Amino acid sequence: MQQKLKYGMVGGGIGSFIGDVHRRAIALDGKAELVAGVFSRDKDNCEKTGQLFGLDPSRVYSSYQEMAEKEANRRDGIDFVVIVTPNNLHYSVAKEFLKNGISVSCDKPLTIEISEALELKDLAKKNNCLFVVTYTYTGHVMAKEARAIVQRGDIGQIRVITAEYPQSWLVDTIEKKGQKQALWRTDPKQSGKSNCVGDIGSHIENMVSYITGLKIKKLIANMDIFGEGRTLDNNAEIILKYNNGASGTYWCSQVAIGYDNALKVRIFGTEGAVEFIQENCNYLKFTKKGQPTCILSRGNGYISETAAKFNRLPGGHPEGFFEAFANIYSAFVDALKIKLSGGIINEEDFDYPNIDAGIDGVKFISKCVESMEKGSVWVDFD
Ligand SMILES: NC(=O)c1ccc[n+]([C@@H]2O[C@H](COP(=O)([O-])OP(=O)(O)OC[C@H]3O[C@@H](n4cnc5c(N)ncnc54)[C@H](O)[C@@H]3O)[C@@H](O)[C@H]2O)c1
């Protein structure tokens with residue numbers, strides 16, 4: 001029987017959002033089990049969350065520092081930690097576990113500062129640890145299919161990219177009424193230098209980079225702050241140039257009435273185009289120059305092998321957010337198992353977003369803020 005890996009979690013207490021998604025997604029494949037955690041700063045919530053998952057009370061800790069040290073000293077200690085706290089804690093929590101030789105799964109954005117992200121990369125290497133940054137949407141089978149189509153050269157040379165991620169949940173200043181997720185996202189001390197670009201613009205950057213493999217050469221950003229008393233952006237438009245000469249435009253917004261999580265990426269090349277829509281993630285629009293547009297459907301025989309290997313259900317039985325997350329974890333846990341048993345792995349072979357994707361994300365956010373602060377001017381990416 002395959003041995004399950006053991007993981008711990010920092011954040012993800014009862015009432016929080018993404019920690020629970022991570023737990024359910026990991027459980028989908030049964031390759032790893034939750035055995036430890038510090039789920040909240042609130043002691044009562046932390047204990048109750050531990051009880052909910054039947055954890056040994058001695059492994060429900062009161063701080064991440066204590067957890068990292070004690071788990072590293074146990075013979076049956078955790079194989080990896082999942083970090084699902086507000087952004088400002090990602091760096092210090094990840095650092096603590098890496099120092100103790102424990103691999104890390106961290107939600108995006110990886111850190112606030114680029115220097116912190118680079119330091120984590122060095123630490124992971126030095127301590128022989130793996131690192132996944134959970135950019136959810138690259139886990140979708142049809143996002144992988146878009147990538148395969150581009151890699152095969154089916155749309156030719158990429159010329160133009162347009163991508164958007166509109167939401168509406170911050171139309172009103174709900175943080176003033178104590179809405180938990182809005183409270184920290186609109187607070188620069190917890191969110192970082194940006195709210196909207198950091199929270200959802202970073203998903204656009206990652207999806208485009210994943211599907212196209214292009215590197216950003218330079219960008220120009222406008223970031224707006226709507227709502228009385230707010231200090232961080234909740235709407236942004238970004239124009240980009242890529243290393244192959246292509247142009248891009250990104251729009252992210254949390255004040256776009258009528259939209260929930262409408263991430264859409266359109267890529268136009270010399271020979272064709274692809275379009276992926278997160279809210280319709282079982283399908284992909286693909287057009288070859290001079291031919292009728294096709295709607296490719298997940299779960300069919302024509303899907304490329306690199307994407308199809310992540311398929312779970314026949315077409316027409318929708319897969320979604322949980323499955324995308326599970327695909328990322330499945331790949332990461334497979335890689336970590338080999339690593340822990342002394343094997344050598346090439347992270348690229350496992351198709352999960354590694355620390356380099358996290359570093360690019362932090363750089364993207366910082367460059368958008370830099371452009372905005374200089375009066376919305378072009379800034380070089382490197
Ligand atoms: N990948 C995605 O699609 C996605 C989606 C949503 C959020 N996120 C990211 O996930 C992270 C969490 O976001 P969320 O919406 O779940 O926030 P949330 O406010 O719902 O949850 C944060 C959790 O962290 C806990 N926490 C705070 N400080 C802590 C500490 N010192 N020790 C232990 N626990 C602590 C809180 O008690 C809470 O349980 C953010 O970085 C966010 O950007 C990613």
# chains A, B, ... in the order shown; residues from 1 in each chain; ligands from 1
>>> closest_atom_pairs(of="range 253-277 of chain A", to="range 133-141 of chain A", cutoff="12 Å", atoms="only C-alpha atoms", output="Markdown table")
| residue | atom | partner | partner_atom | distance |
| --- | --- | --- | --- | --- |
| A:Asn261 | CA | A:Tyr137 | CA | 11.1 |
| A:Ala262 | CA | A:Tyr137 | CA | 11.6 |
| A:Leu263 | CA | A:Tyr137 | CA | 9.0 |
| A:Lys264 | CA | A:Tyr137 | CA | 10.7 |
| A:Val265 | CA | A:Tyr137 | CA | 11.1 |
| A:Phe276 | CA | A:His140 | CA | 10.0 |
| A:Ile277 | CA | A:Tyr137 | CA | 10.0 |
>>> write_last_selection(atoms="all heavy atoms", output="PDB file, in the first residue's frame")
ATOM      1  N   ASN A 261     -15.976  35.505 -10.448  1.00  0.00           N
ATOM      2  CA  ASN A 261     -14.547  35.154 -10.581  1.00  0.00           C
ATOM      3  C   ASN A 261     -14.253  34.903 -12.054  1.00  0.00           C
ATOM      4  O   ASN A 261     -13.836  33.824 -12.456  1.00  0.00           O
ATOM      5  CB  ASN A 261     -14.220  33.918  -9.743  1.00  0.00           C
ATOM      6  CG  ASN A 261     -14.010  34.277  -8.293  1.00  0.00           C
ATOM      7  OD1 ASN A 261     -12.989  34.859  -7.917  1.00  0.00           O
ATOM      8  ND2 ASN A 261     -14.979  33.963  -7.470  1.00  0.00           N
ATOM      9  N   ALA A 262     -14.486  35.971 -12.851  1.00  0.00           N
ATOM     10  CA  ALA A 262     -14.533  35.809 -14.300  1.00  0.00           C
ATOM     11  C   ALA A 262     -13.157  35.931 -14.967  1.00  0.00           C
ATOM     12  O   ALA A 262     -12.956  36.750 -15.869  1.00  0.00           O
ATOM     13  CB  ALA A 262     -15.518  36.807 -14.892  1.00  0.00           C
ATOM     14  N   LEU A 263     -12.239  35.096 -14.525  1.00  0.00           N
ATOM     15  CA  LEU A 263     -10.910  35.070 -15.155  1.00  0.00           C
ATOM     16  C   LEU A 263     -11.042  34.572 -16.598  1.00  0.00           C
ATOM     17  O   LEU A 263     -11.595  33.500 -16.846  1.00  0.00           O
ATOM     18  CB  LEU A 263      -9.974  34.146 -14.359  1.00  0.00           C
ATOM     19  CG  LEU A 263      -8.623  33.830 -14.986  1.00  0.00           C
ATOM     20  CD1 LEU A 263      -7.760  35.078 -15.116  1.00  0.00           C
ATOM     21  CD2 LEU A 263      -7.885  32.772 -14.160  1.00  0.00           C
ATOM     22  N   LYS A 264     -10.536  35.375 -17.528  1.00  0.00           N
ATOM     23  CA  LYS A 264     -10.591  35.001 -18.955  1.00  0.00           C
ATOM     24  C   LYS A 264      -9.260  35.352 -19.594  1.00  0.00           C
ATOM     25  O   LYS A 264      -8.755  36.467 -19.411  1.00  0.00           O
ATOM     26  CB  LYS A 264     -11.732  35.769 -19.623  1.00  0.00           C
ATOM     27  CG  LYS A 264     -11.790  35.592 -21.129  1.00  0.00           C
ATOM     28  CD  LYS A 264     -13.184  35.854 -21.653  1.00  0.00           C
ATOM     29  CE  LYS A 264     -13.361  37.268 -22.152  1.00  0.00           C
ATOM     30  NZ  LYS A 264     -14.664  37.493 -22.776  1.00  0.00           N
ATOM     31  N   VAL A 265      -8.709  34.404 -20.330  1.00  0.00           N
ATOM     32  CA  VAL A 265      -7.418  34.635 -20.993  1.00  0.00           C
ATOM     33  C   VAL A 265      -7.589  34.351 -22.475  1.00  0.00           C
ATOM     34  O   VAL A 265      -8.052  33.269 -22.851  1.00  0.00           O
ATOM     35  CB  VAL A 265      -6.323  33.705 -20.403  1.00  0.00           C
ATOM     36  CG1 VAL A 265      -5.000  33.903 -21.118  1.00  0.00           C
ATOM     37  CG2 VAL A 265      -6.152  33.940 -18.909  1.00  0.00           C
ATOM     38  N   PHE A 276      -9.523  30.744 -22.715  1.00  0.00           N
ATOM     39  CA  PHE A 276      -9.895  29.959 -21.534  1.00  0.00           C
ATOM     40  C   PHE A 276     -10.673  30.840 -20.573  1.00  0.00           C
ATOM     41  O   PHE A 276     -10.240  31.949 -20.239  1.00  0.00           O
ATOM     42  CB  PHE A 276      -8.644  29.413 -20.832  1.00  0.00           C
ATOM     43  CG  PHE A 276      -8.955  28.682 -19.554  1.00  0.00           C
ATOM     44  CD1 PHE A 276      -9.430  27.383 -19.578  1.00  0.00           C
ATOM     45  CD2 PHE A 276      -8.789  29.307 -18.314  1.00  0.00           C
ATOM     46  CE1 PHE A 276      -9.737  26.701 -18.391  1.00  0.00           C
ATOM     47  CE2 PHE A 276      -9.095  28.646 -17.126  1.00  0.00           C
ATOM     48  CZ  PHE A 276      -9.571  27.343 -17.170  1.00  0.00           C
ATOM     49  N   ILE A 277     -11.824  30.351 -20.126  1.00  0.00           N
ATOM     50  CA  ILE A 277     -12.658  31.101 -19.182  1.00  0.00           C
ATOM     51  C   ILE A 277     -12.810  30.254 -17.922  1.00  0.00           C
ATOM     52  O   ILE A 277     -13.367  29.143 -17.973  1.00  0.00           O
ATOM     53  CB  ILE A 277     -14.034  31.441 -19.808  1.00  0.00           C
ATOM     54  CG1 ILE A 277     -13.842  32.315 -21.058  1.00  0.00           C
ATOM     55  CG2 ILE A 277     -14.933  32.132 -18.791  1.00  0.00           C
ATOM     56  CD1 ILE A 277     -15.117  32.670 -21.788  1.00  0.00           C
TER      57      ILE A 277
END
>>> residues_around(residues="range 113-115 of chain A", least_positions_apart="6", cutoff="7 Å", atoms="only C-alpha atoms", output="PyMOL selection string")
chain A and resi 359+362-363
>>> residues_near_ligand(ligand="ligand 1", cutoff="7 Å", atoms="only C-alpha atoms and all ligand atoms", output="PyMOL selection string")
chain A and resi 10-19+38-42+63-64+84-87+107-109+134-136+180-181+184+199
>>> closest_residue(among="A:Glu305, A:Asp360, A:Asp382, A:Asp154", to="His203 in chain A", atoms="only C-alpha atoms")
A:Asp360
>>> atom_distance(atom1="CA of Ser194 in chain A", atom2="CA of Val104 in chain A")
23.8 Å
>>> residues_around(residues="Thr287 in chain A", least_positions_apart="3", cutoff="9 Å", atoms="only C-alpha atoms", output="list in words")
Ile155, Glu271, Gly272, Ala273, Val274, Glu275, Gly290, Gln291, Pro292, Thr293, Cys294 and Ile295 of chain A
>>> write_last_selection(atoms="N, CA and C atoms", output="short mmCIF file (atom, residue, chain, number, x, y, z; two decimals), in the first residue's frame")
data_model
loop_
_atom_site.label_atom_id
_atom_site.label_comp_id
_atom_site.auth_asym_id
_atom_site.auth_seq_id
_atom_site.Cartn_x
_atom_site.Cartn_y
_atom_site.Cartn_z
N ILE A 155 -1.03 27.68 -32.67
CA ILE A 155 -1.53 29.05 -32.92
C ILE A 155 -0.40 29.94 -33.47
N GLU A 271 -1.26 31.91 -36.36
CA GLU A 271 -1.97 30.79 -37.00
C GLU A 271 -3.28 30.42 -36.32
N GLY A 272 -3.56 31.03 -35.17
CA GLY A 272 -4.79 30.66 -34.47
C GLY A 272 -4.91 31.37 -33.14
N ALA A 273 -5.91 30.95 -32.35
CA ALA A 273 -6.17 31.61 -31.06
C ALA A 273 -6.77 30.62 -30.07
N VAL A 274 -6.52 30.85 -28.79
CA VAL A 274 -7.18 30.06 -27.73
C VAL A 274 -7.80 31.02 -26.72
N GLU A 275 -8.87 30.54 -26.09
CA GLU A 275 -9.55 31.35 -25.07
C GLU A 275 -9.99 30.43 -23.93
N GLY A 290 -8.60 30.73 -40.56
CA GLY A 290 -9.38 30.33 -41.74
C GLY A 290 -10.34 29.18 -41.52
N GLN A 291 -10.44 28.71 -40.26
CA GLN A 291 -11.34 27.58 -40.00
C GLN A 291 -12.38 27.96 -38.95
N PRO A 292 -13.46 27.19 -38.87
CA PRO A 292 -14.47 27.53 -37.85
C PRO A 292 -13.93 27.34 -36.44
N THR A 293 -14.43 28.11 -35.52
CA THR A 293 -14.01 28.01 -34.12
C THR A 293 -14.49 26.69 -33.52
N CYS A 294 -13.61 26.02 -32.76
CA CYS A 294 -13.98 24.76 -32.09
C CYS A 294 -14.11 25.01 -30.60
N ILE A 295 -15.05 24.33 -29.97
CA ILE A 295 -15.11 24.32 -28.51
C ILE A 295 -14.63 22.94 -28.08
#
>>> select_by_dssp(residues="range 191-243 of chain A", states="strand (DSSP E)", output="PDB file with N, CA and C atoms, in the first residue's frame")
ATOM      1  N   ILE A 216       7.630  38.636 -19.344  1.00  0.00           N
ATOM      2  CA  ILE A 216       7.279  40.054 -19.478  1.00  0.00           C
ATOM      3  C   ILE A 216       8.565  40.860 -19.634  1.00  0.00           C
ATOM      4  N   LYS A 217       8.576  41.777 -20.630  1.00  0.00           N
ATOM      5  CA  LYS A 217       9.747  42.632 -20.832  1.00  0.00           C
ATOM      6  C   LYS A 217       9.549  43.962 -20.109  1.00  0.00           C
ATOM      7  N   LYS A 218       8.362  44.540 -20.286  1.00  0.00           N
ATOM      8  CA  LYS A 218       8.066  45.794 -19.578  1.00  0.00           C
ATOM      9  C   LYS A 218       6.558  45.943 -19.434  1.00  0.00           C
ATOM     10  N   LEU A 219       6.163  46.816 -18.521  1.00  0.00           N
ATOM     11  CA  LEU A 219       4.726  47.031 -18.313  1.00  0.00           C
ATOM     12  C   LEU A 219       4.448  48.443 -17.832  1.00  0.00           C
ATOM     13  N   ILE A 220       3.181  48.802 -17.975  1.00  0.00           N
ATOM     14  CA  ILE A 220       2.716  50.110 -17.509  1.00  0.00           C
ATOM     15  C   ILE A 220       1.379  49.853 -16.801  1.00  0.00           C
ATOM     16  N   ALA A 221       1.202  50.436 -15.606  1.00  0.00           N
ATOM     17  CA  ALA A 221      -0.005  50.102 -14.837  1.00  0.00           C
ATOM     18  C   ALA A 221      -0.744  51.335 -14.353  1.00  0.00           C
ATOM     19  N   ASN A 222      -2.072  51.230 -14.432  1.00  0.00           N
ATOM     20  CA  ASN A 222      -2.934  52.195 -13.738  1.00  0.00           C
ATOM     21  C   ASN A 222      -3.661  51.419 -12.648  1.00  0.00           C
ATOM     22  N   MET A 223      -3.610  51.913 -11.424  1.00  0.00           N
ATOM     23  CA  MET A 223      -4.286  51.232 -10.317  1.00  0.00           C
ATOM     24  C   MET A 223      -5.211  52.232  -9.622  1.00  0.00           C
ATOM     25  N   ASP A 224      -6.490  51.861  -9.485  1.00  0.00           N
ATOM     26  CA  ASP A 224      -7.475  52.763  -8.876  1.00  0.00           C
ATOM     27  C   ASP A 224      -7.865  52.300  -7.480  1.00  0.00           C
ATOM     28  N   ASN A 235      -8.978  48.118  -8.540  1.00  0.00           N
ATOM     29  CA  ASN A 235      -9.215  48.057  -9.991  1.00  0.00           C
ATOM     30  C   ASN A 235      -7.883  48.417 -10.654  1.00  0.00           C
ATOM     31  N   ALA A 236      -7.527  47.713 -11.712  1.00  0.00           N
ATOM     32  CA  ALA A 236      -6.259  48.049 -12.382  1.00  0.00           C
ATOM     33  C   ALA A 236      -6.291  47.645 -13.851  1.00  0.00           C
ATOM     34  N   GLU A 237      -5.636  48.465 -14.661  1.00  0.00           N
ATOM     35  CA  GLU A 237      -5.414  48.129 -16.072  1.00  0.00           C
ATOM     36  C   GLU A 237      -3.908  48.127 -16.299  1.00  0.00           C
ATOM     37  N   ILE A 238      -3.437  47.113 -17.001  1.00  0.00           N
ATOM     38  CA  ILE A 238      -1.995  46.984 -17.203  1.00  0.00           C
ATOM     39  C   ILE A 238      -1.741  46.697 -18.690  1.00  0.00           C
ATOM     40  N   ILE A 239      -0.777  47.400 -19.269  1.00  0.00           N
ATOM     41  CA  ILE A 239      -0.364  47.127 -20.660  1.00  0.00           C
ATOM     42  C   ILE A 239       1.028  46.507 -20.592  1.00  0.00           C
ATOM     43  N   LEU A 240       1.259  45.474 -21.400  1.00  0.00           N
ATOM     44  CA  LEU A 240       2.539  44.755 -21.297  1.00  0.00           C
ATOM     45  C   LEU A 240       3.177  44.530 -22.660  1.00  0.00           C
ATOM     46  N   LYS A 241       4.490  44.387 -22.638  1.00  0.00           N
ATOM     47  CA  LYS A 241       5.247  43.899 -23.798  1.00  0.00           C
ATOM     48  C   LYS A 241       6.000  42.658 -23.327  1.00  0.00           C
ATOM     49  N   TYR A 242       6.015  41.631 -24.183  1.00  0.00           N
ATOM     50  CA  TYR A 242       6.684  40.378 -23.815  1.00  0.00           C
ATOM     51  C   TYR A 242       8.005  40.243 -24.576  1.00  0.00           C
TER      52      TYR A 242
END
>>> select_by_dssp(residues="range 183-375 of chain A", states="alpha helix (DSSP H)", output="number ranges by chain")
A: 183-185, 188-191, 196, 202-212, 305-308, 321-340, 355-373
>>> residues_around(residues="range 96-102 of chain A", least_positions_apart="5", cutoff="12 Å", atoms="only C-alpha atoms", output="PyMOL selection string")
chain A and resi 6-10+63-74+77-83+89-91+119-131+336+340
>>> closest_residue(among="A:Val171, A:Lys4, A:Ala163, A:Glu348", to="Gly30 in chain A", atoms="only C-alpha atoms")
A:Lys4
>>> closest_residue(among="A:Lys31, A:Lys367, A:Lys337, A:Arg266", to="Val197 in chain A", atoms="only C-alpha atoms")
A:Lys367
>>> closest_residue(among="A:Gly315, A:Asp260, A:Glu279, A:Asp351", to="Gly301 in chain A", atoms="only C-alpha atoms")
A:Gly315
>>> residues_around(residues="range 55-61 of chain A", least_positions_apart="5", cutoff="8 Å", atoms="only C-alpha atoms", output="VMD selection string")
chain A and resid 34 to 38 46 to 47 50 66 to 67
>>> closest_residue(among="A:Ala357, A:Ile225, A:Ala148, A:Leu5", to="Thr173 in chain A", atoms="only C-alpha atoms")
A:Ile225
>>> closest_residue(among="A:Glu228, A:Glu319, A:Asp349, A:Asp20", to="Leu52 in chain A", atoms="only C-alpha atoms")
A:Asp20
>>> atom_distance(atom1="CA of Pro188 in chain A", atom2="CA of Ser366 in chain A")
13.5 Å
>>> atom_distance(atom1="CA of Leu296 in chain A", atom2="CA of Leu284 in chain A")
5.1 Å
>>> residues_around(residues="Leu214 in chain A", least_positions_apart="5", cutoff="8 Å", atoms="only C-alpha atoms", output="ChimeraX atom specification")
/A:208-209,242-244
>>> write_last_selection(atoms="N, CA and C atoms", output="JSON list (two decimals), in the first residue's frame")
[["chain", "number", "residue", "atom", "x", "y", "z"],
["A", 208, "VAL", "N", -1.20, 33.51, -17.81],
["A", 208, "VAL", "CA", -0.62, 33.87, -19.11],
["A", 208, "VAL", "C", 0.78, 33.27, -19.24],
["A", 209, "SER", "N", 1.53, 33.40, -18.18],
["A", 209, "SER", "CA", 2.90, 32.87, -18.21],
["A", 209, "SER", "C", 2.89, 31.35, -18.37],
["A", 242, "TYR", "N", 6.01, 41.63, -24.18],
["A", 242, "TYR", "CA", 6.68, 40.38, -23.82],
["A", 242, "TYR", "C", 8.00, 40.24, -24.58],
["A", 243, "ASN", "N", 8.78, 39.26, -24.14],
["A", 243, "ASN", "CA", 10.13, 39.10, -24.71],
["A", 243, "ASN", "C", 10.13, 38.72, -26.19],
["A", 244, "ASN", "N", 9.02, 38.22, -26.72],
["A", 244, "ASN", "CA", 8.98, 37.87, -28.16],
["A", 244, "ASN", "C", 8.39, 38.99, -29.01]]
>>> decode(residues="range 233-249 of chain A", atoms="N, CA and C atoms", output="PDB file, in the first residue's frame")
ATOM      1  N   ASP A 233      -5.447  49.514  -3.994  1.00  0.00           N
ATOM      2  CA  ASP A 233      -6.164  49.395  -5.270  1.00  0.00           C
ATOM      3  C   ASP A 233      -7.260  48.332  -5.235  1.00  0.00           C
ATOM      4  N   ASN A 234      -8.331  48.606  -6.006  1.00  0.00           N
ATOM      5  CA  ASN A 234      -9.343  47.567  -6.225  1.00  0.00           C
ATOM      6  C   ASN A 234      -9.780  47.509  -7.691  1.00  0.00           C
ATOM      7  N   ASN A 235      -8.978  48.118  -8.540  1.00  0.00           N
ATOM      8  CA  ASN A 235      -9.215  48.057  -9.991  1.00  0.00           C
ATOM      9  C   ASN A 235      -7.883  48.417 -10.654  1.00  0.00           C
ATOM     10  N   ALA A 236      -7.527  47.713 -11.712  1.00  0.00           N
ATOM     11  CA  ALA A 236      -6.259  48.049 -12.382  1.00  0.00           C
ATOM     12  C   ALA A 236      -6.291  47.645 -13.851  1.00  0.00           C
ATOM     13  N   GLU A 237      -5.636  48.465 -14.661  1.00  0.00           N
ATOM     14  CA  GLU A 237      -5.414  48.129 -16.072  1.00  0.00           C
ATOM     15  C   GLU A 237      -3.908  48.127 -16.299  1.00  0.00           C
ATOM     16  N   ILE A 238      -3.437  47.113 -17.001  1.00  0.00           N
ATOM     17  CA  ILE A 238      -1.995  46.984 -17.203  1.00  0.00           C
ATOM     18  C   ILE A 238      -1.741  46.697 -18.690  1.00  0.00           C
ATOM     19  N   ILE A 239      -0.777  47.400 -19.269  1.00  0.00           N
ATOM     20  CA  ILE A 239      -0.364  47.127 -20.660  1.00  0.00           C
ATOM     21  C   ILE A 239       1.028  46.507 -20.592  1.00  0.00           C
ATOM     22  N   LEU A 240       1.259  45.474 -21.400  1.00  0.00           N
ATOM     23  CA  LEU A 240       2.539  44.755 -21.297  1.00  0.00           C
ATOM     24  C   LEU A 240       3.177  44.530 -22.660  1.00  0.00           C
ATOM     25  N   LYS A 241       4.490  44.387 -22.638  1.00  0.00           N
ATOM     26  CA  LYS A 241       5.247  43.899 -23.798  1.00  0.00           C
ATOM     27  C   LYS A 241       6.000  42.658 -23.327  1.00  0.00           C
ATOM     28  N   TYR A 242       6.015  41.631 -24.183  1.00  0.00           N
ATOM     29  CA  TYR A 242       6.684  40.378 -23.815  1.00  0.00           C
ATOM     30  C   TYR A 242       8.005  40.243 -24.576  1.00  0.00           C
ATOM     31  N   ASN A 243       8.784  39.265 -24.143  1.00  0.00           N
ATOM     32  CA  ASN A 243      10.128  39.099 -24.709  1.00  0.00           C
ATOM     33  C   ASN A 243      10.134  38.724 -26.194  1.00  0.00           C
ATOM     34  N   ASN A 244       9.015  38.218 -26.721  1.00  0.00           N
ATOM     35  CA  ASN A 244       8.979  37.867 -28.155  1.00  0.00           C
ATOM     36  C   ASN A 244       8.395  38.993 -29.008  1.00  0.00           C
ATOM     37  N   GLY A 245       8.117  40.157 -28.385  1.00  0.00           N
ATOM     38  CA  GLY A 245       7.560  41.284 -29.137  1.00  0.00           C
ATOM     39  C   GLY A 245       6.044  41.382 -29.049  1.00  0.00           C
ATOM     40  N   ALA A 246       5.391  40.367 -28.435  1.00  0.00           N
ATOM     41  CA  ALA A 246       3.921  40.407 -28.324  1.00  0.00           C
ATOM     42  C   ALA A 246       3.479  41.494 -27.347  1.00  0.00           C
ATOM     43  N   SER A 247       2.206  41.903 -27.503  1.00  0.00           N
ATOM     44  CA  SER A 247       1.615  42.910 -26.612  1.00  0.00           C
ATOM     45  C   SER A 247       0.528  42.266 -25.766  1.00  0.00           C
ATOM     46  N   GLY A 248       0.310  42.832 -24.580  1.00  0.00           N
ATOM     47  CA  GLY A 248      -0.748  42.306 -23.727  1.00  0.00           C
ATOM     48  C   GLY A 248      -1.491  43.406 -22.995  1.00  0.00           C
ATOM     49  N   THR A 249      -2.751  43.119 -22.649  1.00  0.00           N
ATOM     50  CA  THR A 249      -3.490  44.018 -21.755  1.00  0.00           C
ATOM     51  C   THR A 249      -4.183  43.164 -20.705  1.00  0.00           C
TER      52      THR A 249
END
